[in-house]
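Undergrad: This is the content of coords-v1.cif (mmCIF, C-alpha atoms):
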```
data_my_file
#
loop_
_atom_site.label_atom_id
_atom_site.label_comp_id
_atom_site.auth_asym_id
_atom_site.auth_seq_id
_atom_site.Cartn_x
_atom_site.Cartn_y
_atom_site.Cartn_z
CA MET G 1 100.66 46.83 183.28
CA ALA G 2 103.61 46.18 185.49
CA GLU G 3 104.93 49.63 184.71
CA MET G 4 101.62 51.19 185.69
CA ALA G 5 101.46 49.39 189.02
CA GLU G 6 104.89 50.63 189.91
CA GLY G 7 103.97 54.23 189.34
CA GLY G 8 100.72 53.90 191.24
CA GLY G 9 102.43 52.34 194.21
CA ASP G 10 104.81 55.20 194.55
CA SER G 11 102.22 57.89 194.63
CA GLN G 12 100.69 56.44 197.76
CA HIS G 13 103.75 57.21 199.83
CA LYS G 14 103.37 60.62 201.34
CA GLY G 15 106.94 60.81 202.52
CA LYS G 16 109.54 62.98 201.00
CA LYS G 17 110.74 60.24 198.78
CA ARG G 18 110.64 61.43 195.27
CA ALA G 19 108.56 59.49 192.93
CA LYS G 20 110.70 57.34 190.72
CA LYS G 21 110.77 58.54 187.23
CA SER G 22 109.21 55.71 185.43
CA SER G 23 108.14 55.60 181.87
CA THR G 24 104.58 56.62 181.15
CA ARG G 25 104.10 53.74 178.80
CA VAL G 26 101.26 51.40 179.33
CA ASP G 27 101.31 47.86 178.14
CA MET G 28 98.65 47.84 175.50
CA THR G 29 98.67 44.17 174.59
CA PRO G 30 95.48 43.24 176.47
CA MET G 31 93.74 46.24 174.98
CA VAL G 32 94.75 45.23 171.51
CA ASP G 33 93.59 41.71 172.23
CA LEU G 34 90.22 42.97 173.29
CA ALA G 35 89.93 45.34 170.37
CA PHE G 36 90.65 42.64 167.86
CA LEU G 37 88.32 40.22 169.59
CA LEU G 38 85.50 42.72 169.26
CA LEU G 39 86.54 43.46 165.72
CA THR G 40 86.39 39.81 164.74
CA PHE G 41 83.00 39.44 166.39
CA PHE G 42 81.50 42.39 164.56
CA VAL G 43 83.02 41.47 161.24
CA LEU G 44 81.64 37.96 161.45
CA THR G 45 78.18 38.97 162.61
CA ALA G 46 77.92 41.77 160.07
CA THR G 47 78.55 39.53 157.08
CA PHE G 48 76.38 36.65 158.13
CA SER G 49 73.45 38.48 159.65
CA LYS G 50 71.63 39.10 156.38
CA PRO G 51 69.49 36.08 155.64
CA LYS G 52 69.40 34.62 152.18
CA VAL G 53 66.27 34.09 150.19
CA MET G 54 65.26 31.70 147.46
CA SER G 55 62.66 33.09 145.12
CA LEU G 56 59.99 30.98 143.56
CA ILE G 57 57.27 32.07 141.18
CA TYR G 58 53.95 30.37 141.65
CA PRO G 59 51.57 29.95 138.76
CA ALA G 60 48.72 32.45 138.79
CA LYS G 61 45.44 31.15 140.10
CA ILE G 62 42.88 30.27 137.50
CA ASP G 63 39.68 32.24 137.72
CA PRO G 64 36.97 29.89 139.01
CA LYS G 65 34.69 31.14 136.23
CA ASP G 66 36.74 29.56 133.47
CA GLN G 67 37.61 26.36 135.24
CA LYS G 68 36.74 24.38 132.16
CA VAL G 69 40.06 25.33 130.60
CA ASP G 70 41.88 22.14 129.77
CA GLN G 71 45.21 21.46 131.37
CA PRO G 72 47.79 22.50 128.81
CA LYS G 73 49.68 19.64 127.22
CA ILE G 74 53.15 19.61 128.65
CA ASN G 75 56.12 18.26 126.80
CA ASN G 76 59.08 16.82 128.60
CA ALA G 77 57.74 17.30 132.07
CA ILE G 78 58.24 15.43 135.28
CA THR G 79 55.90 15.58 138.24
CA PHE G 80 57.22 15.19 141.75
CA LEU G 81 54.88 14.10 144.49
CA LEU G 82 56.28 14.86 147.89
CA SER G 83 55.52 12.92 151.03
CA LYS G 84 57.35 12.87 154.33
CA ASP G 85 61.05 12.51 153.42
CA LYS G 86 60.13 10.66 150.23
CA ILE G 87 59.86 11.72 146.63
CA TYR G 88 57.58 9.98 144.20
CA TYR G 89 57.57 10.95 140.59
CA TYR G 90 56.18 10.17 137.19
CA SER G 91 57.00 11.71 133.84
CA GLY G 92 54.62 13.10 131.29
CA GLN G 93 50.93 13.23 131.78
CA PHE G 94 48.89 11.63 134.51
CA TYR G 95 46.67 8.74 133.45
CA PRO G 96 44.18 7.54 136.08
CA VAL G 97 43.28 3.87 136.33
CA ASP G 98 39.94 4.30 134.59
CA LYS G 99 41.47 6.28 131.73
CA PRO G 100 44.80 4.63 130.94
CA GLY G 101 47.22 6.15 128.47
CA PRO G 102 49.29 4.39 125.82
CA ASN G 103 51.39 2.66 128.49
CA GLY G 104 48.56 1.96 130.90
CA PRO G 105 47.76 3.97 134.03
CA THR G 106 50.47 6.09 135.62
CA LYS G 107 52.77 4.28 138.01
CA LEU G 108 54.81 6.12 140.59
CA GLU G 109 58.54 5.74 140.93
CA VAL G 110 60.28 6.47 144.19
CA THR G 111 63.55 8.25 144.86
CA ASN G 112 65.33 9.96 147.73
CA PHE G 113 66.99 13.27 148.49
CA GLY G 114 70.51 11.90 148.17
CA THR G 115 73.06 12.76 145.53
CA ASP G 116 72.42 9.58 143.58
CA GLY G 117 68.69 9.92 144.03
CA VAL G 118 66.92 12.96 142.78
CA ARG G 119 70.05 14.84 141.74
CA LYS G 120 71.13 12.14 139.34
CA LEU G 121 67.62 11.86 138.00
CA LEU G 122 67.39 15.57 137.31
CA ALA G 123 70.85 15.80 135.82
CA GLU G 124 69.89 13.11 133.35
CA GLY G 125 66.52 14.61 132.58
CA ASN G 126 67.88 18.08 132.10
CA LYS G 127 70.94 17.03 130.11
CA TYR G 128 70.18 19.56 127.40
CA VAL G 129 70.40 22.66 129.61
CA LEU G 130 73.35 21.36 131.59
CA SER G 131 75.39 20.63 128.47
CA GLU G 132 74.45 24.00 126.98
CA LYS G 133 75.53 25.62 130.21
CA LYS G 134 78.88 23.88 130.01
CA ILE G 135 79.45 25.28 126.53
CA TYR G 136 78.51 28.80 127.59
CA ASN G 137 80.64 28.46 130.67
CA SER G 138 83.74 27.65 128.64
CA GLN G 139 82.93 30.46 126.23
CA LEU G 140 82.62 32.82 129.15
CA LYS G 141 85.94 31.67 130.53
CA LYS G 142 87.63 32.32 127.22
CA LYS G 143 85.91 35.71 127.17
CA GLU G 144 84.21 34.97 123.88
CA ILE G 145 80.91 36.13 125.29
CA GLN G 146 79.87 38.77 127.80
CA ASP G 147 78.23 38.18 131.15
CA SER G 148 74.87 39.46 129.93
CA THR G 149 74.97 37.30 126.83
CA TYR G 150 75.80 34.32 128.98
CA LEU G 151 72.77 34.91 131.18
CA ARG G 152 70.54 35.43 128.16
CA HIS G 153 71.71 32.22 126.51
CA LEU G 154 71.18 30.31 129.72
CA LEU G 155 67.67 31.67 130.10
CA GLU G 156 66.87 30.74 126.52
CA ALA G 157 68.20 27.24 127.04
CA LYS G 158 66.04 26.85 130.13
CA LYS G 159 62.97 27.81 128.15
CA ASN G 160 63.82 25.51 125.27
CA LYS G 161 61.49 22.66 124.38
CA LYS G 162 64.20 20.16 125.23
CA ALA G 163 64.60 21.52 128.75
CA LEU G 164 62.96 19.61 131.54
CA LYS G 165 59.91 21.15 133.20
CA VAL G 166 58.95 20.24 136.71
CA LEU G 167 55.67 20.18 138.55
CA ILE G 168 55.65 19.80 142.31
CA LYS G 169 52.82 18.52 144.39
CA ALA G 170 52.93 17.80 148.08
CA ASP G 171 50.70 15.65 150.24
CA ASP G 172 49.60 16.37 153.81
CA LYS G 173 52.64 14.82 155.42
CA ALA G 174 55.35 16.60 153.49
CA THR G 175 57.34 19.13 155.49
CA CYS G 176 58.61 22.48 154.35
CA LYS G 177 62.15 21.15 154.52
CA ASN G 178 61.25 18.49 151.96
CA PHE G 179 59.78 21.12 149.71
CA ILE G 180 62.69 23.54 149.95
CA ASP G 181 65.19 20.72 149.52
CA LEU G 182 63.49 19.66 146.32
CA ILE G 183 63.38 23.21 144.98
CA ASP G 184 67.05 23.45 145.84
CA GLU G 185 67.79 20.34 143.80
CA LEU G 186 65.87 21.81 140.89
CA LYS G 187 67.92 24.99 141.07
CA ILE G 188 71.11 22.94 141.13
CA ALA G 189 69.92 21.11 138.02
CA GLU G 190 69.17 24.46 136.33
CA ILE G 191 65.50 23.72 135.82
CA GLY G 192 63.85 26.83 134.41
CA VAL G 193 60.18 26.01 134.72
CA ILE G 194 59.11 25.04 138.22
CA ALA G 195 55.45 24.94 139.02
CA PRO G 196 54.20 24.05 142.49
CA VAL G 197 50.61 22.97 141.98
CA GLU G 198 47.83 21.31 143.94
CA LEU G 199 47.71 17.57 144.42
CA MET G 200 44.90 15.74 142.67
CA PRO G 201 42.88 13.25 144.76
CA GLN G 202 43.77 10.38 142.42
CA GLU G 203 47.45 11.13 142.85
CA ASN G 204 47.05 11.22 146.60
CA GLU G 205 45.47 7.76 146.50
CA LEU G 206 48.41 6.54 144.49
CA ILE G 207 50.87 7.89 147.04
CA GLN G 208 48.98 6.37 149.95
CA SER G 209 48.89 2.96 148.27
CA LYS G 210 52.60 3.26 147.57
CA ILE G 211 53.42 4.12 151.22
CA LYS G 212 51.64 0.98 152.41
CA MET R 1 122.75 67.13 168.86
CA PRO R 2 123.83 64.25 170.99
CA LYS R 3 123.58 60.84 169.55
CA ILE R 4 120.48 58.98 170.52
CA LYS R 5 121.36 55.66 171.95
CA ALA R 6 119.35 52.75 170.82
CA PRO R 7 117.50 51.32 173.81
CA LYS R 8 119.08 48.18 175.01
CA GLY R 9 117.10 45.03 174.67
CA SER R 10 113.58 46.31 175.30
CA PRO R 11 111.49 44.54 172.70
CA SER R 12 108.29 46.48 173.39
CA ILE R 13 106.66 48.10 170.39
CA ASP R 14 104.49 51.13 170.44
CA MET R 15 101.07 49.72 169.86
CA THR R 16 99.11 52.97 169.92
CA PRO R 17 98.49 53.21 166.16
CA MET R 18 97.42 49.60 166.06
CA VAL R 19 94.98 50.15 168.89
CA ASP R 20 93.71 53.27 167.18
CA LEU R 21 93.06 51.37 164.02
CA ALA R 22 91.48 48.43 165.77
CA PHE R 23 89.07 50.59 167.70
CA LEU R 24 88.25 52.63 164.63
CA LEU R 25 87.23 49.43 162.85
CA VAL R 26 85.35 48.20 165.90
CA THR R 27 83.40 51.43 166.02
CA PHE R 28 82.65 51.24 162.33
CA PHE R 29 81.36 47.67 162.45
CA MET R 30 79.43 48.34 165.64
CA LEU R 31 77.62 51.28 164.12
CA SER R 32 77.00 49.65 160.77
CA ALA R 33 75.77 46.38 162.29
CA SER R 34 72.04 46.13 162.45
CA PHE R 35 70.82 43.99 165.26
CA ARG R 36 68.04 41.56 164.83
CA SER R 37 65.07 42.53 166.89
CA SER R 38 63.74 39.80 169.12
CA GLU R 39 61.19 37.60 167.45
CA PRO R 40 58.21 36.18 169.31
CA VAL R 41 58.78 32.81 167.70
CA ASP R 42 61.86 30.75 167.00
CA VAL R 43 62.08 29.41 163.51
CA ASP R 44 64.66 26.98 162.20
CA VAL R 45 64.83 27.74 158.50
CA PRO R 46 65.76 25.14 155.89
CA THR R 47 69.01 25.34 153.96
CA SER R 48 69.55 26.03 150.28
CA ILE R 49 72.31 27.00 147.88
CA SER R 50 70.69 30.31 147.09
CA ASP R 51 72.93 33.31 147.76
CA LYS R 52 70.43 36.04 147.05
CA ILE R 53 70.40 38.49 149.94
CA ILE R 54 67.07 39.48 151.42
CA PRO R 55 65.79 42.64 149.69
CA GLU R 56 64.60 45.87 151.29
CA ASN R 57 60.94 46.75 151.83
CA VAL R 58 59.59 43.34 152.68
CA ILE R 59 56.49 41.74 154.06
CA VAL R 60 57.47 38.66 156.01
CA VAL R 61 55.04 35.91 156.91
CA THR R 62 56.39 33.39 159.38
CA ILE R 63 55.05 29.88 159.79
CA ASP R 64 56.24 28.03 162.88
CA VAL R 65 56.43 24.32 163.65
CA LYS R 66 52.83 24.18 164.81
CA GLY R 67 51.62 25.92 161.68
CA ARG R 68 50.86 29.22 163.39
CA VAL R 69 51.12 32.27 161.17
CA PHE R 70 52.97 35.46 162.08
CA PHE R 71 53.24 38.69 160.17
CA ASN R 72 55.84 41.41 159.86
CA LEU R 73 56.18 44.52 157.75
CA ALA R 74 59.30 46.65 157.59
CA GLY R 75 59.19 50.42 157.87
CA VAL R 76 57.73 52.70 160.53
CA GLU R 77 55.54 54.77 158.23
CA ALA R 78 54.13 51.74 156.45
CA ARG R 79 53.31 50.06 159.76
CA ARG R 80 51.43 53.09 161.01
CA GLU R 81 49.39 53.23 157.83
CA LEU R 82 48.73 49.49 157.97
CA LEU R 83 47.54 49.55 161.57
CA GLY R 84 45.25 52.46 160.75
CA SER R 85 43.54 50.62 157.91
CA MET R 86 43.30 47.36 159.85
CA ALA R 87 41.86 49.00 162.98
CA ASN R 88 39.41 50.83 160.77
CA LYS R 89 38.25 47.72 158.99
CA TYR R 90 37.80 45.63 162.13
CA GLY R 91 36.41 48.48 164.25
CA ILE R 92 39.06 48.21 166.94
CA LYS R 93 40.05 51.33 168.82
CA MET R 94 43.63 51.75 169.91
CA ASN R 95 45.26 54.41 172.01
CA LYS R 96 48.41 56.28 171.12
CA ASP R 97 50.61 54.06 173.27
CA GLN R 98 49.44 50.86 171.66
CA GLU R 99 49.84 52.38 168.22
CA ASP R 100 53.41 53.44 168.91
CA LYS R 101 54.21 50.05 170.31
CA PHE R 102 52.91 48.35 167.20
CA VAL R 103 54.87 50.65 164.94
CA PHE R 104 58.19 49.85 166.59
CA MET R 105 57.50 46.18 167.11
CA SER R 106 58.53 43.45 164.69
CA THR R 107 56.84 40.12 164.06
CA PHE R 108 53.53 39.43 165.75
CA GLY R 109 50.93 36.72 165.51
CA CYS R 110 47.47 37.15 166.95
CA SER R 111 43.96 37.85 165.78
CA MET R 112 42.66 41.40 165.54
CA SER R 113 40.53 41.01 168.68
CA GLU R 114 43.59 39.91 170.67
CA LEU R 115 45.80 42.65 169.33
CA PRO R 116 45.17 45.45 171.90
CA LYS R 117 45.73 43.00 174.73
CA TYR R 118 48.87 41.70 173.04
CA LEU R 119 50.24 45.22 172.59
CA ASN R 120 49.84 45.98 176.30
CA LEU R 121 52.27 43.21 177.20
CA GLU R 122 56.01 43.52 177.66
CA ALA R 123 58.28 41.96 175.03
CA ASN R 124 59.01 38.93 177.21
CA ALA R 125 55.37 38.32 177.98
CA GLN R 126 54.53 38.64 174.30
CA LYS R 127 56.64 35.62 173.62
CA LYS R 128 54.50 33.55 175.96
CA PHE R 129 51.20 34.97 174.76
CA PRO R 130 48.90 32.04 174.04
CA THR R 131 47.84 32.55 170.46
CA LEU R 132 46.89 30.48 167.47
CA GLY R 133 48.59 32.92 165.16
CA ILE R 134 46.87 35.10 162.61
CA PRO R 135 43.69 33.40 161.42
CA CYS R 136 43.89 32.54 157.74
CA ASP R 137 41.18 29.98 157.07
CA SER R 138 38.23 30.51 154.78
CA THR R 139 35.84 31.58 157.54
CA LYS R 140 38.09 34.20 159.06
CA ASN R 141 40.89 35.32 156.82
CA GLU R 142 42.62 38.16 158.61
CA LEU R 143 45.94 37.37 157.01
CA LYS R 144 44.54 38.35 153.63
CA ASP R 145 43.72 41.80 154.97
CA TRP R 146 47.10 42.15 156.64
CA ILE R 147 48.83 41.29 153.39
CA SER R 148 46.69 43.40 151.09
CA PHE R 149 46.75 46.48 153.36
CA GLY R 150 50.41 45.84 154.08
CA ASN R 151 51.13 45.67 150.38
CA ARG R 152 49.40 49.00 149.84
CA ALA R 153 51.22 50.64 152.75
CA ALA R 154 54.57 49.26 151.59
CA LEU R 155 53.91 50.45 148.05
CA ASN R 156 53.26 53.96 149.36
CA SER R 157 56.37 54.05 151.50
CA GLY R 158 58.36 52.56 148.62
CA LYS R 159 57.11 55.34 146.38
CA THR R 160 58.26 58.01 148.82
CA ALA R 161 61.66 56.36 149.10
CA PHE R 162 61.89 56.19 145.31
CA VAL R 163 61.09 59.90 144.91
CA GLU R 164 63.56 60.76 147.63
CA ALA R 165 66.31 58.76 145.92
CA LYS R 166 65.47 60.41 142.62
CA ASN R 167 65.64 63.88 144.15
CA LYS R 168 69.07 63.07 145.47
CA GLY R 169 70.17 62.65 141.88
CA GLN R 170 70.53 58.87 141.96
CA LYS R 171 69.08 56.64 139.30
CA PRO R 172 66.95 54.25 141.32
CA ASN R 173 65.29 51.21 139.88
CA VAL R 174 61.54 51.22 140.55
CA ASN R 175 61.50 47.49 141.16
CA ASP R 176 63.88 47.81 144.09
CA PHE R 177 61.30 49.85 145.94
CA LYS R 178 58.33 47.60 145.40
CA PRO R 179 57.38 45.40 148.34
CA LYS R 180 58.68 41.84 148.24
CA PHE R 181 56.96 38.93 149.88
CA ILE R 182 59.00 36.68 152.09
CA LEU R 183 58.01 33.40 153.65
CA ARG R 184 59.92 32.26 156.69
CA VAL R 185 58.97 28.66 157.23
CA ASP R 186 60.23 26.28 159.85
CA SER R 187 61.86 23.26 158.28
CA LYS R 188 59.69 20.93 160.36
CA ALA R 189 56.44 22.73 159.58
CA LEU R 190 54.04 20.84 157.35
CA TYR R 191 53.92 22.01 153.79
CA LYS R 192 50.14 22.09 153.83
CA ASP R 193 50.29 24.84 156.47
CA ALA R 194 52.60 26.84 154.24
CA GLN R 195 50.32 26.08 151.33
CA LYS R 196 47.46 27.85 153.14
CA VAL R 197 49.53 31.01 153.39
CA ILE R 198 50.77 30.67 149.82
CA ASP R 199 47.18 30.37 148.65
CA VAL R 200 46.34 33.62 150.42
CA PHE R 201 49.13 35.30 148.49
CA ARG R 202 47.99 33.75 145.25
CA ASP R 203 44.40 34.82 145.87
CA LEU R 204 45.73 38.37 145.98
CA ASN R 205 47.59 37.70 142.72
CA LEU R 206 50.98 37.95 144.43
CA ASN R 207 52.75 35.02 142.86
CA ASN R 208 56.39 35.87 143.30
CA LEU R 209 57.35 34.59 146.73
CA ASN R 210 60.71 34.21 148.44
CA PHE R 211 61.65 31.64 151.04
CA ILE R 212 64.20 32.53 153.68
CA THR R 213 66.88 29.89 153.81
CA SER R 214 70.26 29.58 155.40
CA MET R 215 73.30 29.08 153.22
CA GLU R 216 74.55 25.73 152.14
CA LEU R 217 77.50 25.13 149.87
CA ALA R 218 76.62 24.41 146.29
CA PRO R 219 77.98 21.19 144.79
CA ILE R 220 80.68 21.75 142.21
#
```
Translate this structure into structure tokens?
TA:
Amino acid sequence: MAEMAEGGGDSQHKGKKRAKKSSTRVDMTPMVDLAFLLLTFFVLTATFSKPKVMSLIYPAKIDPKDQKVDQPKINNAITFLLSKDKIYYYSGQFYPVDKPGPNGPTKLEVTNFGTDGVRKLLAEGNKYVLSEKKIYNSQLKKKEIQDSTYLRHLLEAKKNKKALKVLIKADDKATCKNFIDLIDELKIAEIGVIAPVELMPQENELIQSKIK
Amino acid sequence: MPKIKAPKGSPSIDMTPMVDLAFLLVTFFMLSASFRSSEPVDVDVPTSISDKIIPENVIVVTIDVKGRVFFNLAGVEARRELLGSMANKYGIKMNKDQEDKFVFMSTFGCSMSELPKYLNLEANAQKKFPTLGIPCDSTKNELKDWISFGNRAALNSGKTAFVEAKNKGQKPNVNDFKPKFILRVDSKALYKDAQKVIDVFRDLNLNNLNFITSMELAPI
């Protein structure tokens, strides 16, 4: 810039002084600075502007005409009942107070969103898939199996009888953050079958009694 | 030829090529960047580890903190078709201006009867428009119509895009052109409000839904 100013100053003199021959170079450092600043801005915004999505498949609605269809018996399932910032759960089937199962009526357990809360619980429950995944992972690393085979094996493991299935029910006070956080935990634990379903009134009563 | 003397001591470098390159890249990123259009509602989305990028040809339903429902459909042609079928069904007449405005707008949230008034407003005023969102309860379920007509319109525009891609000699996957259903929920919104919208989708037998989330690092 200094070089520019010099040249400009000379041209203002209308006398017979000859303009000094100065180099026509312009200091481009500020321009480069600006260019790279803009470049950084656009690079960063371009990569992060696309939002991410988490897909979730809901069970199809049952036709009201054949509502008499019995709930299918589920093996190795856990049901999460969401309330505001709290997770209640029970495993297996639900037994109301007036119709107790082999171990009496269903009792709710409580857990939290922390790493030693629900994550630990799910990792233990879904041990089968996680250990299978570890095996496939090492096979993939050694290039014994292809990418597509890896994905197929993983999918099969998730559908296996030994894999944990999860039902999610939420009460009136649960927020969307709670729901998404839980789904997130399930995806971390490689749960294949996730079914968000409606809360039963008896379950709601159980939650309310537990909150008090 | 006389010997060229090395310039004494001047450490300046010719930066022209560097500037050229930098501005070339700036231009490229500027042109390729797509700017988010202004939304009438601010939503703070929850975080997740999912790294799936939002697909093309989407129907987005937004649920804000207060549980109000907003709707958005991508694509100019699809929007025009959608507005036509909606105006027809609800018997609402719209002039050319309002139609054009709707086509180039993004998310909106108001009932059909409020829509012409809403479209007359400027973008800033639209943000302050007092609305309860798109009605989606059992007595007045306009959202269901928006989604089902929107789905049809998006399917049609997806079909045209598919044929176009095919004619260009590419091998497109049909599933990429089908409309996808996106839910943009506020993290503080109650789940039961989202449930209402999800039930509308499920009533229409659209069970594969996607939640917009922001990235979070996955645990190792």
Undergrad: May I ask for the distance between atom CA of Asn72 of chain R and atom CA of Asn57 of chain R, given in Å to one decimal place?
TA: 10.9 Å
Undergrad: Around segment 62-75 of chain R, fit a box with edges along x, y and z, padding it by 6 Å on each side, then list its centre and edge lengths in Å to one decimal as lines of an AutoDock Vina configuration file.
TA:
```
center_x = 55.1
center_y = 37.3
center_z = 161.2
size_x = 20.4
size_y = 38.2
size_z = 19.2
```
Undergrad: Report as number ranges by chain the set of chain R residues whose atoms approach chain G to within 6 Å, with distances computed over all atoms listed in the file.
TA: R: 19, 22-23, 26, 29, 33, 46, 48, 50-54, 187-192, 207-213
Undergrad: Please expand the PyMOL selection byres ((chain G and resi 120-130) around 9) into the concrete residues it hits in this file, giving the result as an mmCIF file with C-alpha atoms, in the frame of the given file.
TA:
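Saved file part_30.cif follows:
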```cif
data_model
loop_
_atom_site.group_PDB
_atom_site.id
_atom_site.type_symbol
_atom_site.label_atom_id
_atom_site.label_comp_id
_atom_site.auth_asym_id
_atom_site.auth_seq_id
_atom_site.Cartn_x
_atom_site.Cartn_y
_atom_site.Cartn_z
ATOM 1 C CA ASN G 76 59.080 16.820 128.600
ATOM 2 C CA ILE G 78 58.240 15.430 135.280
ATOM 3 C CA THR G 111 63.550 8.250 144.860
ATOM 4 C CA GLY G 114 70.510 11.900 148.170
ATOM 5 C CA THR G 115 73.060 12.760 145.530
ATOM 6 C CA ASP G 116 72.420 9.580 143.580
ATOM 7 C CA GLY G 117 68.690 9.920 144.030
ATOM 8 C CA VAL G 118 66.920 12.960 142.780
ATOM 9 C CA ARG G 119 70.050 14.840 141.740
ATOM 10 C CA SER G 131 75.390 20.630 128.470
ATOM 11 C CA GLU G 132 74.450 24.000 126.980
ATOM 12 C CA LYS G 133 75.530 25.620 130.210
ATOM 13 C CA LYS G 134 78.880 23.880 130.010
ATOM 14 C CA ILE G 135 79.450 25.280 126.530
ATOM 15 C CA LEU G 154 71.180 30.310 129.720
ATOM 16 C CA ALA G 157 68.200 27.240 127.040
ATOM 17 C CA LYS G 158 66.040 26.850 130.130
ATOM 18 C CA ASN G 160 63.820 25.510 125.270
ATOM 19 C CA LYS G 162 64.200 20.160 125.230
ATOM 20 C CA ALA G 163 64.600 21.520 128.750
ATOM 21 C CA LEU G 164 62.960 19.610 131.540
ATOM 22 C CA LYS G 165 59.910 21.150 133.200
ATOM 23 C CA GLU G 185 67.790 20.340 143.800
ATOM 24 C CA LEU G 186 65.870 21.810 140.890
ATOM 25 C CA ILE G 188 71.110 22.940 141.130
ATOM 26 C CA ALA G 189 69.920 21.110 138.020
ATOM 27 C CA GLU G 190 69.170 24.460 136.330
ATOM 28 C CA ILE G 191 65.500 23.720 135.820
#
```
Undergrad: Go through R:Val58, R:Ala74, R:Val41, R:Met30 one by one, measure the shortest atom-to-atom distance of each to Asp176 of chain R using only C-alpha atoms, and give the residue with the smallest value.
TA: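 Among R:Val58, R:Ala74, R:Val41, R:Met30, it is R:Val58 that comes nearest to Asp176 of chain R.
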Undergrad: Complete the atom set of segment 179-190 of chain R to N, CA and C atoms and return it as a PDB file, in the coordinates of the input.
TA:
```
ATOM      1  N   PRO R 179      57.321  46.379 147.247  1.00  0.00           N
ATOM      2  CA  PRO R 179      57.380  45.400 148.340  1.00  0.00           C
ATOM      3  C   PRO R 179      57.624  43.991 147.822  1.00  0.00           C
ATOM      4  N   LYS R 180      58.423  43.245 148.573  1.00  0.00           N
ATOM      5  CA  LYS R 180      58.680  41.840 148.240  1.00  0.00           C
ATOM      6  C   LYS R 180      58.035  40.975 149.318  1.00  0.00           C
ATOM      7  N   PHE R 181      57.684  39.780 148.947  1.00  0.00           N
ATOM      8  CA  PHE R 181      56.960  38.930 149.880  1.00  0.00           C
ATOM      9  C   PHE R 181      57.836  37.764 150.292  1.00  0.00           C
ATOM     10  N   ILE R 182      58.065  37.668 151.565  1.00  0.00           N
ATOM     11  CA  ILE R 182      59.000  36.680 152.090  1.00  0.00           C
ATOM     12  C   ILE R 182      58.247  35.685 152.961  1.00  0.00           C
ATOM     13  N   LEU R 183      58.561  34.439 152.791  1.00  0.00           N
ATOM     14  CA  LEU R 183      58.010  33.400 153.650  1.00  0.00           C
ATOM     15  C   LEU R 183      59.137  32.843 154.508  1.00  0.00           C
ATOM     16  N   ARG R 184      58.911  32.841 155.815  1.00  0.00           N
ATOM     17  CA  ARG R 184      59.920  32.260 156.690  1.00  0.00           C
ATOM     18  C   ARG R 184      59.283  31.024 157.303  1.00  0.00           C
ATOM     19  N   VAL R 185      59.613  29.889 156.768  1.00  0.00           N
ATOM     20  CA  VAL R 185      58.970  28.660 157.230  1.00  0.00           C
ATOM     21  C   VAL R 185      59.949  27.856 158.075  1.00  0.00           C
ATOM     22  N   ASP R 186      59.412  27.199 159.058  1.00  0.00           N
ATOM     23  CA  ASP R 186      60.230  26.280 159.850  1.00  0.00           C
ATOM     24  C   ASP R 186      60.426  25.011 159.037  1.00  0.00           C
ATOM     25  N   SER R 187      61.626  24.432 159.135  1.00  0.00           N
ATOM     26  CA  SER R 187      61.860  23.260 158.280  1.00  0.00           C
ATOM     27  C   SER R 187      60.981  22.080 158.683  1.00  0.00           C
ATOM     28  N   LYS R 188      60.510  22.057 159.940  1.00  0.00           N
ATOM     29  CA  LYS R 188      59.690  20.930 160.360  1.00  0.00           C
ATOM     30  C   LYS R 188      58.198  21.200 160.179  1.00  0.00           C
ATOM     31  N   ALA R 189      57.860  22.410 159.781  1.00  0.00           N
ATOM     32  CA  ALA R 189      56.440  22.730 159.580  1.00  0.00           C
ATOM     33  C   ALA R 189      55.907  21.916 158.404  1.00  0.00           C
ATOM     34  N   LEU R 190      54.626  21.597 158.458  1.00  0.00           N
ATOM     35  CA  LEU R 190      54.040  20.840 157.350  1.00  0.00           C
ATOM     36  C   LEU R 190      53.836  21.751 156.150  1.00  0.00           C
TER      37      LEU R 190
END
```
